[in-house]
Each structure stands twice: as structure tokens, then as C-alpha cells.
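> This one is work_5.cif, mmCIF, N, CA and C atoms.
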```cif
data_entry
loop_
_atom_site.label_atom_id
_atom_site.label_comp_id
_atom_site.auth_asym_id
_atom_site.auth_seq_id
_atom_site.Cartn_x
_atom_site.Cartn_y
_atom_site.Cartn_z
N MET M 17 12.88 -64.72 18.94
CA MET M 17 12.69 -64.90 17.53
C MET M 17 11.44 -64.17 17.03
N ASN M 18 10.38 -64.16 17.83
CA ASN M 18 9.16 -63.47 17.44
C ASN M 18 9.35 -61.96 17.39
N GLN M 19 10.28 -61.46 18.22
CA GLN M 19 10.55 -60.03 18.20
C GLN M 19 11.09 -59.59 16.85
N PHE M 20 11.94 -60.41 16.25
CA PHE M 20 12.51 -60.06 14.95
C PHE M 20 11.44 -60.09 13.87
N ALA M 21 10.52 -61.01 13.95
CA ALA M 21 9.43 -61.07 12.98
C ALA M 21 8.58 -59.81 13.05
N ASN M 22 8.33 -59.32 14.25
CA ASN M 22 7.54 -58.11 14.41
C ASN M 22 8.28 -56.89 13.85
N LEU M 23 9.60 -56.85 14.03
CA LEU M 23 10.38 -55.73 13.50
C LEU M 23 10.37 -55.74 11.98
N ASP M 24 10.44 -56.90 11.37
CA ASP M 24 10.39 -56.97 9.91
C ASP M 24 9.05 -56.48 9.39
N LYS M 25 7.99 -56.82 10.07
CA LYS M 25 6.66 -56.39 9.66
C LYS M 25 6.54 -54.87 9.79
N GLN M 26 7.10 -54.30 10.85
CA GLN M 26 7.07 -52.85 11.03
C GLN M 26 7.87 -52.15 9.95
N ASP M 27 9.01 -52.72 9.55
CA ASP M 27 9.82 -52.13 8.48
C ASP M 27 9.05 -52.12 7.17
N GLU M 28 8.32 -53.19 6.88
CA GLU M 28 7.53 -53.24 5.66
C GLU M 28 6.43 -52.17 5.66
N GLU M 29 5.84 -51.92 6.81
CA GLU M 29 4.80 -50.90 6.90
C GLU M 29 5.37 -49.50 6.68
N LEU M 30 6.61 -49.27 7.12
CA LEU M 30 7.22 -47.95 6.95
C LEU M 30 7.62 -47.68 5.51
N GLU M 31 7.87 -48.71 4.72
CA GLU M 31 8.35 -48.55 3.36
C GLU M 31 7.24 -48.39 2.33
N LYS M 32 5.98 -48.34 2.76
CA LYS M 32 4.88 -48.19 1.82
C LYS M 32 4.94 -46.81 1.19
N PRO M 33 4.67 -46.72 -0.11
CA PRO M 33 4.67 -45.41 -0.77
C PRO M 33 3.50 -44.56 -0.29
N PRO M 34 3.60 -43.23 -0.44
CA PRO M 34 2.50 -42.37 -0.01
C PRO M 34 1.22 -42.69 -0.77
N VAL M 35 0.11 -42.58 -0.10
CA VAL M 35 -1.18 -42.90 -0.70
C VAL M 35 -1.62 -41.75 -1.58
N GLU M 36 -1.93 -42.07 -2.84
CA GLU M 36 -2.48 -41.06 -3.72
C GLU M 36 -3.99 -41.09 -3.61
N LYS M 37 -4.56 -39.94 -3.38
CA LYS M 37 -5.98 -39.83 -3.13
C LYS M 37 -6.68 -39.37 -4.41
N THR M 38 -7.82 -39.93 -4.69
CA THR M 38 -8.59 -39.46 -5.83
C THR M 38 -9.72 -38.58 -5.30
N GLY M 39 -9.88 -37.44 -5.89
CA GLY M 39 -10.90 -36.50 -5.46
C GLY M 39 -11.42 -35.73 -6.65
N PHE M 40 -11.82 -34.49 -6.43
CA PHE M 40 -12.40 -33.70 -7.51
C PHE M 40 -11.35 -33.04 -8.41
N LEU M 41 -10.08 -33.03 -7.99
CA LEU M 41 -9.04 -32.48 -8.85
C LEU M 41 -8.80 -33.42 -10.03
N PRO M 42 -8.55 -32.89 -11.22
CA PRO M 42 -8.42 -33.75 -12.40
C PRO M 42 -7.08 -34.47 -12.52
N ILE M 43 -6.26 -34.42 -11.47
CA ILE M 43 -4.96 -35.10 -11.49
C ILE M 43 -4.81 -35.93 -10.23
N HIS M 44 -3.91 -36.91 -10.26
CA HIS M 44 -3.62 -37.70 -9.06
C HIS M 44 -2.69 -36.88 -8.18
N THR M 45 -3.05 -36.74 -6.91
CA THR M 45 -2.28 -35.90 -6.01
C THR M 45 -2.01 -36.61 -4.69
N ASN M 46 -0.95 -36.17 -4.02
CA ASN M 46 -0.71 -36.59 -2.64
C ASN M 46 -0.90 -35.35 -1.76
N GLY M 47 -0.62 -35.47 -0.48
CA GLY M 47 -0.85 -34.36 0.45
C GLY M 47 -0.05 -33.11 0.11
N PHE M 48 1.21 -33.29 -0.29
CA PHE M 48 2.03 -32.13 -0.62
C PHE M 48 1.49 -31.40 -1.85
N ASP M 49 1.06 -32.16 -2.85
CA ASP M 49 0.52 -31.53 -4.06
C ASP M 49 -0.71 -30.70 -3.74
N ARG M 50 -1.60 -31.25 -2.94
CA ARG M 50 -2.82 -30.52 -2.59
C ARG M 50 -2.49 -29.28 -1.76
N GLY M 51 -1.52 -29.37 -0.86
CA GLY M 51 -1.10 -28.21 -0.08
C GLY M 51 -0.50 -27.13 -0.96
N PHE M 52 0.31 -27.54 -1.94
CA PHE M 52 0.92 -26.58 -2.86
C PHE M 52 -0.14 -25.88 -3.70
N ILE M 53 -1.11 -26.64 -4.19
CA ILE M 53 -2.20 -26.04 -4.97
C ILE M 53 -2.98 -25.05 -4.12
N ALA M 54 -3.21 -25.38 -2.85
CA ALA M 54 -3.93 -24.48 -1.95
C ALA M 54 -3.16 -23.18 -1.73
N VAL M 55 -1.84 -23.26 -1.58
CA VAL M 55 -1.03 -22.04 -1.37
C VAL M 55 -1.02 -21.18 -2.64
N VAL M 56 -0.88 -21.80 -3.80
CA VAL M 56 -0.91 -21.04 -5.05
C VAL M 56 -2.26 -20.37 -5.23
N LEU M 57 -3.33 -21.07 -4.89
CA LEU M 57 -4.66 -20.48 -4.97
C LEU M 57 -4.81 -19.31 -4.00
N LEU M 58 -4.26 -19.44 -2.80
CA LEU M 58 -4.30 -18.36 -1.82
C LEU M 58 -3.63 -17.11 -2.38
N ILE M 59 -2.47 -17.27 -2.98
CA ILE M 59 -1.75 -16.13 -3.55
C ILE M 59 -2.53 -15.52 -4.70
N ALA M 60 -3.08 -16.35 -5.58
CA ALA M 60 -3.83 -15.85 -6.73
C ALA M 60 -5.09 -15.09 -6.29
N ILE M 61 -5.80 -15.62 -5.31
CA ILE M 61 -7.00 -14.94 -4.82
C ILE M 61 -6.64 -13.59 -4.22
N HIS M 62 -5.55 -13.53 -3.46
CA HIS M 62 -5.15 -12.25 -2.85
C HIS M 62 -4.72 -11.23 -3.90
N LEU M 63 -3.99 -11.66 -4.91
CA LEU M 63 -3.60 -10.72 -5.97
C LEU M 63 -4.82 -10.19 -6.72
N PHE M 64 -5.75 -11.08 -7.05
CA PHE M 64 -6.98 -10.67 -7.71
C PHE M 64 -7.76 -9.70 -6.82
N TRP M 65 -7.84 -10.04 -5.53
CA TRP M 65 -8.61 -9.23 -4.58
C TRP M 65 -8.02 -7.83 -4.46
N MET M 66 -6.69 -7.75 -4.33
CA MET M 66 -6.05 -6.44 -4.17
C MET M 66 -6.21 -5.58 -5.42
N ARG M 67 -6.31 -6.21 -6.57
CA ARG M 67 -6.43 -5.44 -7.82
C ARG M 67 -7.86 -4.96 -8.07
N PHE M 68 -8.85 -5.82 -7.80
CA PHE M 68 -10.20 -5.52 -8.25
C PHE M 68 -11.23 -5.30 -7.14
N VAL M 69 -11.06 -5.89 -5.98
CA VAL M 69 -12.15 -5.91 -5.00
C VAL M 69 -11.84 -5.15 -3.72
N GLU M 70 -10.59 -4.87 -3.44
CA GLU M 70 -10.22 -4.33 -2.14
C GLU M 70 -10.86 -2.97 -1.84
N GLN M 71 -11.28 -2.24 -2.85
CA GLN M 71 -11.89 -0.94 -2.62
C GLN M 71 -13.22 -1.09 -1.89
N SER M 72 -13.91 -2.21 -2.10
CA SER M 72 -15.22 -2.37 -1.49
C SER M 72 -15.23 -3.35 -0.31
N LEU M 73 -14.35 -4.35 -0.31
CA LEU M 73 -14.30 -5.34 0.78
C LEU M 73 -12.86 -5.48 1.28
N SER M 74 -12.73 -5.78 2.55
CA SER M 74 -11.42 -5.91 3.18
C SER M 74 -10.68 -7.15 2.68
N ILE M 75 -9.37 -7.12 2.79
CA ILE M 75 -8.53 -8.25 2.40
C ILE M 75 -8.77 -9.47 3.30
N TYR M 76 -9.32 -9.24 4.50
CA TYR M 76 -9.62 -10.34 5.41
C TYR M 76 -10.68 -11.28 4.83
N VAL M 77 -11.57 -10.76 4.01
CA VAL M 77 -12.57 -11.59 3.35
C VAL M 77 -11.87 -12.54 2.38
N ALA M 78 -10.88 -12.04 1.65
CA ALA M 78 -10.12 -12.88 0.73
C ALA M 78 -9.35 -13.95 1.49
N THR M 79 -8.83 -13.60 2.64
CA THR M 79 -8.11 -14.58 3.46
C THR M 79 -9.06 -15.68 3.93
N ALA M 80 -10.24 -15.31 4.36
CA ALA M 80 -11.23 -16.30 4.80
C ALA M 80 -11.63 -17.22 3.65
N ILE M 81 -11.88 -16.65 2.49
CA ILE M 81 -12.24 -17.45 1.31
C ILE M 81 -11.10 -18.39 0.95
N SER M 82 -9.88 -17.89 0.97
CA SER M 82 -8.71 -18.70 0.62
C SER M 82 -8.51 -19.85 1.60
N LEU M 83 -8.69 -19.59 2.88
CA LEU M 83 -8.51 -20.64 3.88
C LEU M 83 -9.57 -21.73 3.76
N VAL M 84 -10.80 -21.33 3.48
CA VAL M 84 -11.87 -22.32 3.31
C VAL M 84 -11.60 -23.16 2.07
N LEU M 85 -11.25 -22.53 0.96
CA LEU M 85 -10.96 -23.28 -0.26
C LEU M 85 -9.73 -24.16 -0.09
N GLY M 86 -8.72 -23.66 0.60
CA GLY M 86 -7.53 -24.46 0.87
C GLY M 86 -7.84 -25.69 1.69
N TYR M 87 -8.69 -25.54 2.70
CA TYR M 87 -9.10 -26.67 3.54
C TYR M 87 -9.84 -27.71 2.70
N VAL M 88 -10.74 -27.24 1.85
CA VAL M 88 -11.51 -28.16 1.00
C VAL M 88 -10.59 -28.89 0.03
N ILE M 89 -9.64 -28.18 -0.56
CA ILE M 89 -8.71 -28.82 -1.50
C ILE M 89 -7.85 -29.85 -0.79
N ILE M 90 -7.35 -29.54 0.38
CA ILE M 90 -6.48 -30.47 1.09
C ILE M 90 -7.26 -31.69 1.57
N LYS M 91 -8.46 -31.50 2.05
CA LYS M 91 -9.24 -32.63 2.59
C LYS M 91 -9.92 -33.45 1.50
N LYS M 92 -10.50 -32.81 0.50
CA LYS M 92 -11.33 -33.51 -0.49
C LYS M 92 -10.69 -33.61 -1.86
N GLY M 93 -9.65 -32.81 -2.11
CA GLY M 93 -9.07 -32.71 -3.44
C GLY M 93 -8.42 -33.96 -3.88
#
```
Output the structure of this file as C-alpha cells.

Amino acid sequence: MNQFANLDKQDEELEKPPVEKTGFLPIHTNGFDRGFIAVVLLIAIHLFWMRFVEQSLSIYVATAISLVLGYVIIKKG
């Protein structure tokens, strides 16, 4: 009988909605939202970089900047 009680408790834990995290972003986000924002930012930084900055600095610098910003957005956003 105690085994069934434990299974019910485990089912309740699985049904909890995803935790919305509050951070420096001005909207309520979950992990997927923050990942999506990081990918869009990565694309935008690379397009800007290829248009205006690539003549003086390599695209690898833009990749490094994008990855750092993406990490910060996903962890702290």
C-alpha cells in the first residue's frame, strides 16, 4: 500500500508546470524562451559583424561574443 502512495507523489512531481525564472529580461521566460533569444541574438550579431566589422576583425570574435552573451542570457536571463 505504501508503494502506491509513493507512486502518486512521484506523479504529482512530474506534473508540475515549468518554472518561470525572473531575471534581467523584461519578460517572464522559461528555458526555451531564453535559448531562442540567445540564438536570435547570435544570428543578429553575426549579420551585423559580417556587414560592418569583418574587414578588421575575424568572425570568430563575433562567435565568441555571441556564445558568452548566449550563456549569460540562458543562465541569468
> One decimal, in Å: what's the spacing between atom C of Gln71 of chain M and atom C of Ile59 of chain M?
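Calculated distance between atom C of Gln71 of chain M and atom C of Ile59 of chain M is 18.2 Å.
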> So how many Å separate atom N of Leu58 of chain M and atom CA of Ile90 of chain M, to one decimal?
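According to the coordinates, atom N of Leu58 of chain M and atom CA of Ile90 of chain M are separated by 11.9 Å.
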> Find the residue from M:Val77, M:Leu83, M:Val69, M:Ile89 that sits nearest to Asp49 of chain M; use only C-alpha atoms when measuring.
M:Ile89
> Where in segment 35-72 of chain M does DSSP assign helix (DSSP H, G or I), given as a PyMOL selection string?
chain M and resi 47-69
> May I ask for the distance between atom C of Ile43 of chain M and atom C of Trp65 of chain M, given in Å to one decimal place?
28.9 Å
> Would you give the centre and edge lengths, in Å to one decimal, of a box along x, y and z around the listed atoms of segment 74-87 of chain M, with 5 Å added to each side, as AutoDock Vina command-line options?

```
--center_x -10.1 --center_y -16.7 --center_z 2.6 --size_x 15.2 --size_y 31.9 --size_z 15.7
```
> Given the file above and the PyMOL selection byres (((chain M and resi 84-86 and name CA) around 10) and name CA), which residues are selected, and can you give them as an NGL selection string?
:M and (50-58 or 78-83 or 87-93)
> Rebuild segment 66-77 of chain M to all heavy atoms - output it as a CSV table (one decimal), keeping the file's coordinate frame, please.

```
chain,number,residue,atom,x,y,z
M,66,MET,N,-6.7,-7.8,-4.3
M,66,MET,CA,-6.0,-6.4,-4.2
M,66,MET,C,-6.2,-5.6,-5.4
M,66,MET,O,-6.3,-4.4,-5.3
M,66,MET,CB,-4.6,-6.6,-3.8
M,66,MET,CG,-4.4,-7.1,-2.4
M,66,MET,SD,-2.6,-7.1,-1.9
M,66,MET,CE,-2.0,-8.4,-2.8
M,67,ARG,N,-6.3,-6.2,-6.6
M,67,ARG,CA,-6.4,-5.4,-7.8
M,67,ARG,C,-7.9,-5.0,-8.1
M,67,ARG,O,-8.1,-3.8,-8.5
M,67,ARG,CB,-6.0,-6.3,-9.0
M,67,ARG,CG,-6.1,-5.7,-10.3
M,67,ARG,CD,-5.2,-4.4,-10.5
M,67,ARG,NE,-5.3,-3.9,-11.8
M,67,ARG,CZ,-5.9,-2.8,-12.1
M,67,ARG,NH1,-6.5,-2.1,-11.2
M,67,ARG,NH2,-6.0,-2.3,-13.3
M,68,PHE,N,-8.8,-5.8,-7.8
M,68,PHE,CA,-10.2,-5.5,-8.2
M,68,PHE,C,-11.2,-5.3,-7.1
M,68,PHE,O,-12.2,-4.6,-7.3
M,68,PHE,CB,-10.7,-6.7,-9.2
M,68,PHE,CG,-9.9,-6.8,-10.4
M,68,PHE,CD1,-9.1,-7.9,-10.6
M,68,PHE,CD2,-10.0,-5.9,-11.4
M,68,PHE,CE1,-8.4,-8.0,-11.8
M,68,PHE,CE2,-9.3,-6.0,-12.6
M,68,PHE,CZ,-8.5,-7.1,-12.7
M,69,VAL,N,-11.1,-5.9,-6.0
M,69,VAL,CA,-12.2,-5.9,-5.0
M,69,VAL,C,-11.8,-5.2,-3.7
M,69,VAL,O,-12.8,-4.8,-3.0
M,69,VAL,CB,-12.5,-7.4,-4.7
M,69,VAL,CG1,-13.7,-7.5,-3.8
M,69,VAL,CG2,-12.7,-8.2,-5.9
M,70,GLU,N,-10.6,-4.9,-3.4
M,70,GLU,CA,-10.2,-4.3,-2.1
M,70,GLU,C,-10.9,-3.0,-1.8
M,70,GLU,O,-11.0,-2.6,-0.7
M,70,GLU,CB,-8.7,-4.2,-2.0
M,70,GLU,CG,-8.2,-3.9,-0.6
M,70,GLU,CD,-6.7,-3.9,-0.5
M,70,GLU,OE1,-6.0,-3.8,-1.5
M,70,GLU,OE2,-6.3,-4.1,0.6
M,71,GLN,N,-11.3,-2.2,-2.8
M,71,GLN,CA,-11.9,-0.9,-2.6
M,71,GLN,C,-13.2,-1.1,-1.9
M,71,GLN,O,-13.6,-0.2,-1.1
M,71,GLN,CB,-12.1,-0.2,-3.9
M,71,GLN,CG,-10.9,0.2,-4.6
M,71,GLN,CD,-10.2,-0.9,-5.4
M,71,GLN,OE1,-10.9,-1.9,-5.7
M,71,GLN,NE2,-9.0,-0.8,-5.8
M,72,SER,N,-13.9,-2.2,-2.1
M,72,SER,CA,-15.2,-2.4,-1.5
M,72,SER,C,-15.2,-3.4,-0.3
M,72,SER,O,-16.0,-3.2,0.6
M,72,SER,CB,-16.2,-2.8,-2.5
M,72,SER,OG,-15.8,-4.0,-3.1
M,73,LEU,N,-14.4,-4.4,-0.3
M,73,LEU,CA,-14.3,-5.3,0.8
M,73,LEU,C,-12.9,-5.5,1.3
M,73,LEU,O,-11.9,-5.4,0.5
M,73,LEU,CB,-14.8,-6.7,0.3
M,73,LEU,CG,-16.3,-6.8,0.0
M,73,LEU,CD1,-16.6,-8.1,-0.6
M,73,LEU,CD2,-17.1,-6.6,1.3
M,74,SER,N,-12.7,-5.8,2.6
M,74,SER,CA,-11.4,-5.9,3.2
M,74,SER,C,-10.7,-7.2,2.7
M,74,SER,O,-11.3,-8.1,2.2
M,74,SER,CB,-11.6,-6.0,4.7
M,74,SER,OG,-10.4,-6.3,5.3
M,75,ILE,N,-9.4,-7.1,2.8
M,75,ILE,CA,-8.5,-8.2,2.4
M,75,ILE,C,-8.8,-9.5,3.3
M,75,ILE,O,-8.5,-10.6,2.9
M,75,ILE,CB,-7.0,-7.8,2.4
M,75,ILE,CG1,-6.2,-8.9,1.7
M,75,ILE,CG2,-6.5,-7.6,3.8
M,75,ILE,CD1,-6.2,-8.8,0.2
M,76,TYR,N,-9.3,-9.2,4.5
M,76,TYR,CA,-9.6,-10.3,5.4
M,76,TYR,C,-10.7,-11.3,4.8
M,76,TYR,O,-10.7,-12.5,5.1
M,76,TYR,CB,-10.1,-9.8,6.8
M,76,TYR,CG,-9.0,-9.1,7.5
M,76,TYR,CD1,-9.1,-7.7,7.8
M,76,TYR,CD2,-7.8,-9.7,7.8
M,76,TYR,CE1,-8.1,-7.0,8.5
M,76,TYR,CE2,-6.7,-9.0,8.4
M,76,TYR,CZ,-6.9,-7.7,8.8
M,76,TYR,OH,-5.9,-7.0,9.4
M,77,VAL,N,-11.6,-10.8,4.0
M,77,VAL,CA,-12.6,-11.6,3.4
M,77,VAL,C,-11.9,-12.5,2.4
M,77,VAL,O,-12.2,-13.7,2.3
M,77,VAL,CB,-13.6,-10.7,2.6
M,77,VAL,CG1,-14.6,-11.6,1.9
M,77,VAL,CG2,-14.3,-9.8,3.6
```
